[in-house]
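Working notes, beginning with the structure itself.
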2 protein chains.
Amino acid sequence: MSTGATSGRLTPKGQATRDRIVAAAAGLMFEGGVAGTSTENVLKAARVASPSQLYHYFSDKRALVQAVIEHQTESVLGFQRPLLSRLDSFEALEAWRDAIVGAQLARGHHSGCPIGSLSAELSDRDPRARTELAAVYGKWEEAIRRGLEAMRDRGELTEDADPGYLALALLTALQGGLLMNQARQDTVALETVLTAMIERVRRHAAT
Amino acid sequence: MSTGATSGRLTPKGQATRDRIVAAAAGLMFEGGVAGTSTENVLKAARVASPSQLYHYFSDKRALVQAVIEHQTESVLGFQRPLLSRLDSFEALEAWRDAIVGAQLARGHHSGCPIGSLSAELSDRDPRARTELAAVYGKWEEAIRRGLEAMRDRGELTEDADPGYLALALLTALQGGLLMNQARQDTVALETVLTAMIERVRRHAAT
């Protein structure tokens with residue numbers, strides 16, 4: 001994904017300012033929604049004095065939202081990357097579940113998934129954002145699928161296991177768990193749905 | 001749930017106006033989010049001339065949001081009620097899945113779940129709305145659980161089946177499916193996660 005038209009030509013100081021704006025906007029949009037985040041609040045949170053500085057990096061709110069999607073993708077998939085890159089055993093699947101549940105508990109509040117939140121707010125309103133978010137889900141699903149394929153290739157899953165089907169079910173279950181986490185303010189639904197889906201994968205465990 | 005402090009004292013005409021306001025607000029909030037829905041737009045969509053009419057029924061936006069949550073709960077659970085009240089066989093679980101997938105397809109676009117959308121937007125920002133939405137999920141989960149309990153009581157599920165666990169997993173999977181539906185603009189994730197979770201329930205099918 002591109003990181004914005006101007007970023008290739010930024011000075012280190014310019015890049016740092018741009019990064020600060022994106023991080024501030026990502027935090028505000030996660031808490032208050034895209035619609036609930038004003039340019040003024042982004043400027044204040046990023047300690048940027050003049051609106052013209054913001055417009056130097058982002059031609060409009062749409063461009064800023066795109067940068068926020070990229071930032072949150074890196075934040076979410078970056079956190080999971082060490083686990084996602086080796087999601088190729090039942091122990092690894094359970095460790096992945098535990099890490100996700102643990103991260104929600106560690107925050108003290110249960111704020112769900114930054115990608116899921118953007119997706120719920122923007123999918124019907126911003127076709128370009130929707131396409132980008134669908135691509136993020138695609139990458140995420142692919143990482144899960146590769147681990148399951150490795151298990152099948154090693155004979156730990158039986159031949160009738162469909163890694164694509166199971167990966168999509170696991171990712172979709174995770175999204176539901178993170179959404180319910182917010183509403184319930186506990187991790188029970190999240191842990192339950194991931195456990196149940198890992199048990200579904202176990203149906204194909206080679207004995 | 002209460003339908004608002006004033007509704008008990010409304011004339012039929014007043015009730016009709018109030019209902020029109022709530023339906024208009026529900027539609028606008030589902031499309032554009034709560035934050036993206038202005039009082040002006042609600043007045044226009046409900047064909048209500050004066051803001052004072054709105055404030056006659058709803059003291060503030062918070063009260064209107066509460067009425068919208070009740071309206072959407074009735075709309076979502078009302079649609080599923082005939083199925084939810086007899087979700088007590090594998091055939092019924094599959095028919096429920098097919099009806100949900102079919103409803104998304106019938107709309108032509110894939111707009112997800114009105115309750116899930118409110119939940120994603122409001123859970124972290126409006127504690128009272130969050131509590132109400134959690135209660136809606138609780139009712140929904142209970143309806144699913146009752147069907148699974150009936151299956152276990154009739155011996156169609158084995159004794160080790162945990163209807164509470166499976167019901168929460170099914171509902172959470174459904175929420176994830178409806179969220180992914182929006183981002184992907186197809187029903188594949190929704191159908192996949194529900195099918196996989198029904199297969200998980202089948203692990204307890206008495207043979």
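Every chain in the structure tokens has a letter given in the order shown (A, B, ...), and although residue numbers restart at 1 in each chain, ligands are simply numbered from 1 in the order shown.
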
**OP:** Pull out every residue of chain A that has at least one atom within 8 Å of chain B, counting only C-alpha atoms, and report them as a ChimeraX atom specification.
**Re:** /A:31-33,35-36,111,116-117,119-121,123-125,130-131,133-134,165-166,168-170,172-177,179-180,182-184,189-190,192-193,196-197,199-200

**OP:** Would you mind writing down, as a PyMOL selection string, each residue of region 66-154 of chain B that DSSP on the backbone assigns to helix (DSSP H, G or I)?
**Re:** chain B and resi 66-84+90-107+114-122+127-153

Output the coordinates of chain B after least-squares fitting to chain A on all in-order C-alpha pairs, as an mmCIF file with C-alpha atoms, in the first residue's frame.
data_model
loop_
_atom_site.group_PDB
_atom_site.id
_atom_site.type_symbol
_atom_site.label_atom_id
_atom_site.label_comp_id
_atom_site.auth_asym_id
_atom_site.auth_seq_id
_atom_site.Cartn_x
_atom_site.Cartn_y
_atom_site.Cartn_z
ATOM 1 C CA MET B 1 0.187 -0.018 0.067
ATOM 2 C CA SER B 2 1.301 3.542 -0.602
ATOM 3 C CA THR B 3 1.914 5.698 2.421
ATOM 4 C CA GLY B 4 0.649 8.833 0.716
ATOM 5 C CA ALA B 5 1.701 10.805 -2.333
ATOM 6 C CA THR B 6 4.068 13.165 -0.573
ATOM 7 C CA SER B 7 5.765 10.847 1.898
ATOM 8 C CA GLY B 8 8.618 9.870 -0.412
ATOM 9 C CA ARG B 9 9.821 13.448 -0.520
ATOM 10 C CA LEU B 10 9.631 14.272 3.173
ATOM 11 C CA THR B 11 12.539 15.412 5.306
ATOM 12 C CA PRO B 12 13.072 13.439 8.531
ATOM 13 C CA LYS B 13 11.400 16.282 10.423
ATOM 14 C CA GLY B 14 8.518 16.321 7.960
ATOM 15 C CA GLN B 15 8.124 12.556 8.255
ATOM 16 C CA ALA B 16 8.060 12.849 12.040
ATOM 17 C CA THR B 17 5.333 15.499 11.860
ATOM 18 C CA ARG B 18 3.325 13.405 9.433
ATOM 19 C CA ASP B 19 3.674 10.329 11.671
ATOM 20 C CA ARG B 20 2.555 12.354 14.692
ATOM 21 C CA ILE B 21 -0.534 13.553 12.818
ATOM 22 C CA VAL B 22 -1.434 10.024 11.706
ATOM 23 C CA ALA B 23 -0.941 8.539 15.196
ATOM 24 C CA ALA B 24 -3.041 11.296 16.748
ATOM 25 C CA ALA B 25 -5.800 10.886 14.156
ATOM 26 C CA ALA B 26 -5.756 7.085 14.573
ATOM 27 C CA GLY B 27 -6.198 7.396 18.341
ATOM 28 C CA LEU B 28 -8.990 9.962 18.070
ATOM 29 C CA MET B 29 -10.821 8.021 15.332
ATOM 30 C CA PHE B 30 -10.594 4.782 17.301
ATOM 31 C CA GLU B 31 -12.082 6.486 20.360
ATOM 32 C CA GLY B 32 -14.560 8.847 18.752
ATOM 33 C CA GLY B 33 -15.088 7.517 15.254
ATOM 34 C CA VAL B 34 -14.066 9.097 11.957
ATOM 35 C CA ALA B 35 -17.187 11.259 11.848
ATOM 36 C CA GLY B 36 -16.600 12.340 15.445
ATOM 37 C CA THR B 37 -13.008 13.449 14.807
ATOM 38 C CA SER B 38 -12.500 17.042 13.718
ATOM 39 C CA THR B 39 -9.437 18.481 12.028
ATOM 40 C CA GLU B 40 -9.087 20.853 14.986
ATOM 41 C CA ASN B 41 -8.858 17.956 17.428
ATOM 42 C CA VAL B 42 -6.271 16.189 15.291
ATOM 43 C CA LEU B 43 -4.157 19.369 15.161
ATOM 44 C CA LYS B 44 -4.400 19.781 18.921
ATOM 45 C CA ALA B 45 -3.596 16.131 19.715
ATOM 46 C CA ALA B 46 -0.664 16.122 17.270
ATOM 47 C CA ARG B 47 0.624 19.462 18.619
ATOM 48 C CA VAL B 48 0.518 20.980 15.136
ATOM 49 C CA ALA B 49 -0.102 24.704 15.167
ATOM 50 C CA SER B 50 -1.561 25.434 11.766
ATOM 51 C CA PRO B 51 -4.160 23.701 9.566
ATOM 52 C CA SER B 52 -1.930 24.399 6.565
ATOM 53 C CA GLN B 53 0.618 21.929 7.976
ATOM 54 C CA LEU B 54 -2.058 19.242 8.010
ATOM 55 C CA TYR B 55 -3.080 20.033 4.430
ATOM 56 C CA HIS B 56 0.575 19.917 3.389
ATOM 57 C CA TYR B 57 0.591 16.191 4.186
ATOM 58 C CA PHE B 58 -3.039 15.285 3.528
ATOM 59 C CA SER B 59 -5.071 16.932 0.805
ATOM 60 C CA ASP B 60 -8.341 16.121 2.570
ATOM 61 C CA LYS B 61 -9.863 14.066 5.373
ATOM 62 C CA ARG B 62 -10.114 11.120 2.957
ATOM 63 C CA ALA B 63 -6.316 11.046 2.563
ATOM 64 C CA LEU B 64 -5.891 11.208 6.321
ATOM 65 C CA VAL B 65 -8.333 8.316 6.768
ATOM 66 C CA GLN B 66 -6.341 6.261 4.285
ATOM 67 C CA ALA B 67 -3.156 6.885 6.260
ATOM 68 C CA VAL B 68 -5.002 5.917 9.450
ATOM 69 C CA ILE B 69 -6.114 2.621 7.874
ATOM 70 C CA GLU B 70 -2.465 1.875 6.977
ATOM 71 C CA HIS B 71 -1.317 2.856 10.466
ATOM 72 C CA GLN B 72 -3.917 0.635 12.175
ATOM 73 C CA THR B 73 -3.189 -2.258 9.828
ATOM 74 C CA GLU B 74 0.461 -2.108 10.839
ATOM 75 C CA SER B 75 -0.505 -1.787 14.484
ATOM 76 C CA VAL B 76 -2.903 -4.775 14.454
ATOM 77 C CA LEU B 77 -1.061 -7.114 12.096
ATOM 78 C CA GLY B 78 2.306 -5.993 13.465
ATOM 79 C CA PHE B 79 1.279 -7.035 16.967
ATOM 80 C CA GLN B 80 0.054 -10.412 15.707
ATOM 81 C CA ARG B 81 2.852 -10.944 13.144
ATOM 82 C CA PRO B 82 5.161 -13.178 15.217
ATOM 83 C CA LEU B 83 2.161 -15.400 15.974
ATOM 84 C CA LEU B 84 0.557 -15.156 12.527
ATOM 85 C CA SER B 85 3.775 -16.149 10.790
ATOM 86 C CA ARG B 86 3.811 -19.483 12.618
ATOM 87 C CA LEU B 87 0.156 -20.265 13.181
ATOM 88 C CA ASP B 88 0.849 -23.859 12.214
ATOM 89 C CA SER B 89 -0.056 -26.026 15.205
ATOM 90 C CA PHE B 90 -2.940 -26.289 17.671
ATOM 91 C CA GLU B 91 -0.612 -24.919 20.340
ATOM 92 C CA ALA B 92 0.117 -21.912 18.116
ATOM 93 C CA LEU B 93 -3.608 -21.333 17.449
ATOM 94 C CA GLU B 94 -4.272 -21.394 21.179
ATOM 95 C CA ALA B 95 -1.340 -19.076 21.886
ATOM 96 C CA TRP B 96 -2.709 -16.662 19.244
ATOM 97 C CA ARG B 97 -6.132 -16.718 20.915
ATOM 98 C CA ASP B 98 -4.576 -16.158 24.342
ATOM 99 C CA ALA B 99 -2.445 -13.257 23.073
ATOM 100 C CA ILE B 100 -5.497 -11.538 21.572
ATOM 101 C CA VAL B 101 -7.562 -12.047 24.719
ATOM 102 C CA GLY B 102 -4.611 -10.951 26.849
ATOM 103 C CA ALA B 103 -4.139 -7.766 24.815
ATOM 104 C CA GLN B 104 -7.773 -6.812 25.413
ATOM 105 C CA LEU B 105 -7.441 -7.525 29.139
ATOM 106 C CA ALA B 106 -4.164 -5.605 29.364
ATOM 107 C CA ARG B 107 -5.797 -2.467 28.031
ATOM 108 C CA GLY B 108 -8.099 -2.483 31.017
ATOM 109 C CA HIS B 109 -11.004 -1.523 28.838
ATOM 110 C CA HIS B 110 -12.324 -3.520 25.927
ATOM 111 C CA SER B 111 -12.082 -1.414 22.874
ATOM 112 C CA GLY B 112 -12.400 -4.014 20.153
ATOM 113 C CA CYS B 113 -10.451 -3.984 16.916
ATOM 114 C CA PRO B 114 -9.251 -0.765 15.226
ATOM 115 C CA ILE B 115 -9.747 -2.380 11.809
ATOM 116 C CA GLY B 116 -13.212 -3.678 12.737
ATOM 117 C CA SER B 117 -14.224 -0.258 14.069
ATOM 118 C CA LEU B 118 -13.109 1.501 10.878
ATOM 119 C CA SER B 119 -14.840 -1.196 8.885
ATOM 120 C CA ALA B 120 -18.146 -0.868 10.740
ATOM 121 C CA GLU B 121 -18.115 2.907 10.343
ATOM 122 C CA LEU B 122 -16.780 3.291 6.813
ATOM 123 C CA SER B 123 -17.801 0.233 4.766
ATOM 124 C CA ASP B 124 -21.157 1.657 3.682
ATOM 125 C CA ARG B 125 -19.988 5.258 3.378
ATOM 126 C CA ASP B 126 -16.565 5.253 1.785
ATOM 127 C CA PRO B 127 -16.077 2.737 -1.055
ATOM 128 C CA ARG B 128 -12.330 3.326 -1.239
ATOM 129 C CA ALA B 129 -11.869 2.773 2.488
ATOM 130 C CA ARG B 130 -14.031 -0.332 2.220
ATOM 131 C CA THR B 131 -11.804 -1.726 -0.544
ATOM 132 C CA GLU B 132 -8.678 -1.046 1.508
ATOM 133 C CA LEU B 133 -10.172 -2.644 4.618
ATOM 134 C CA ALA B 134 -11.292 -5.695 2.629
ATOM 135 C CA ALA B 135 -7.683 -6.024 1.418
ATOM 136 C CA VAL B 136 -6.461 -5.925 5.025
ATOM 137 C CA TYR B 137 -8.870 -8.721 5.924
ATOM 138 C CA GLY B 138 -7.614 -10.613 2.894
ATOM 139 C CA LYS B 139 -3.979 -10.429 4.094
ATOM 140 C CA TRP B 140 -4.979 -11.412 7.607
ATOM 141 C CA GLU B 141 -6.973 -14.393 6.338
ATOM 142 C CA GLU B 142 -4.070 -15.440 4.133
ATOM 143 C CA ALA B 143 -1.671 -15.499 7.075
ATOM 144 C CA ILE B 144 -4.039 -17.765 8.998
ATOM 145 C CA ARG B 145 -4.575 -19.962 5.942
ATOM 146 C CA ARG B 146 -0.848 -20.479 5.395
ATOM 147 C CA GLY B 147 -0.463 -21.892 8.912
ATOM 148 C CA LEU B 148 -3.356 -24.315 8.391
ATOM 149 C CA GLU B 149 -1.942 -25.349 5.024
ATOM 150 C CA ALA B 150 1.383 -26.130 6.687
ATOM 151 C CA MET B 151 -0.438 -28.297 9.217
ATOM 152 C CA ARG B 152 -2.216 -30.160 6.437
ATOM 153 C CA ASP B 153 0.986 -30.529 4.429
ATOM 154 C CA ARG B 154 2.725 -32.040 7.447
ATOM 155 C CA GLY B 155 -0.183 -34.419 7.949
ATOM 156 C CA GLU B 156 -1.312 -32.828 11.220
ATOM 157 C CA LEU B 157 -4.641 -31.992 9.580
ATOM 158 C CA THR B 158 -6.442 -34.576 7.485
ATOM 159 C CA GLU B 159 -6.722 -34.190 3.712
ATOM 160 C CA ASP B 160 -10.398 -33.142 3.922
ATOM 161 C CA ALA B 161 -9.492 -29.989 5.887
ATOM 162 C CA ASP B 162 -10.083 -26.829 3.832
ATOM 163 C CA PRO B 163 -7.558 -24.235 5.081
ATOM 164 C CA GLY B 164 -9.249 -21.388 3.162
ATOM 165 C CA TYR B 165 -12.642 -22.134 4.656
ATOM 166 C CA LEU B 166 -11.269 -22.568 8.170
ATOM 167 C CA ALA B 167 -9.094 -19.436 7.963
ATOM 168 C CA LEU B 168 -12.029 -17.278 6.897
ATOM 169 C CA ALA B 169 -14.153 -18.759 9.691
ATOM 170 C CA LEU B 170 -11.410 -18.088 12.266
ATOM 171 C CA LEU B 171 -10.893 -14.476 11.181
ATOM 172 C CA THR B 172 -14.631 -13.788 11.041
ATOM 173 C CA ALA B 173 -15.095 -15.334 14.483
ATOM 174 C CA LEU B 174 -12.294 -13.116 15.785
ATOM 175 C CA GLN B 175 -13.983 -9.996 14.408
ATOM 176 C CA GLY B 176 -17.242 -10.976 16.078
ATOM 177 C CA GLY B 177 -15.420 -11.613 19.335
ATOM 178 C CA LEU B 178 -13.754 -8.200 19.294
ATOM 179 C CA LEU B 179 -17.077 -6.483 18.543
ATOM 180 C CA MET B 180 -18.840 -8.325 21.380
ATOM 181 C CA ASN B 181 -15.925 -7.495 23.635
ATOM 182 C CA GLN B 182 -16.789 -3.838 23.321
ATOM 183 C CA ALA B 183 -20.479 -4.271 24.050
ATOM 184 C CA ARG B 184 -19.991 -6.723 26.919
ATOM 185 C CA GLN B 185 -16.843 -5.179 28.370
ATOM 186 C CA ASP B 186 -15.504 -8.631 29.072
ATOM 187 C CA THR B 187 -13.497 -11.128 27.028
ATOM 188 C CA VAL B 188 -15.853 -14.094 27.479
ATOM 189 C CA ALA B 189 -17.452 -13.935 24.016
ATOM 190 C CA LEU B 190 -14.062 -13.385 22.361
ATOM 191 C CA GLU B 191 -12.468 -16.340 24.104
ATOM 192 C CA THR B 192 -15.532 -18.543 23.582
ATOM 193 C CA VAL B 193 -15.839 -17.974 19.850
ATOM 194 C CA LEU B 194 -12.112 -18.493 19.214
ATOM 195 C CA THR B 195 -12.025 -21.634 21.350
ATOM 196 C CA ALA B 196 -15.111 -23.037 19.607
ATOM 197 C CA MET B 197 -13.596 -22.320 16.197
ATOM 198 C CA ILE B 198 -10.257 -23.930 17.115
ATOM 199 C CA GLU B 199 -12.294 -26.943 18.259
ATOM 200 C CA ARG B 200 -13.937 -26.894 14.826
ATOM 201 C CA VAL B 201 -10.456 -27.075 13.254
ATOM 202 C CA ARG B 202 -9.652 -30.011 15.558
ATOM 203 C CA ARG B 203 -12.297 -32.032 13.755
ATOM 204 C CA HIS B 204 -9.590 -32.469 11.139
ATOM 205 C CA ALA B 205 -6.793 -33.311 13.568
ATOM 206 C CA ALA B 206 -4.954 -36.391 12.349
ATOM 207 C CA THR B 207 -4.988 -38.958 15.130
#
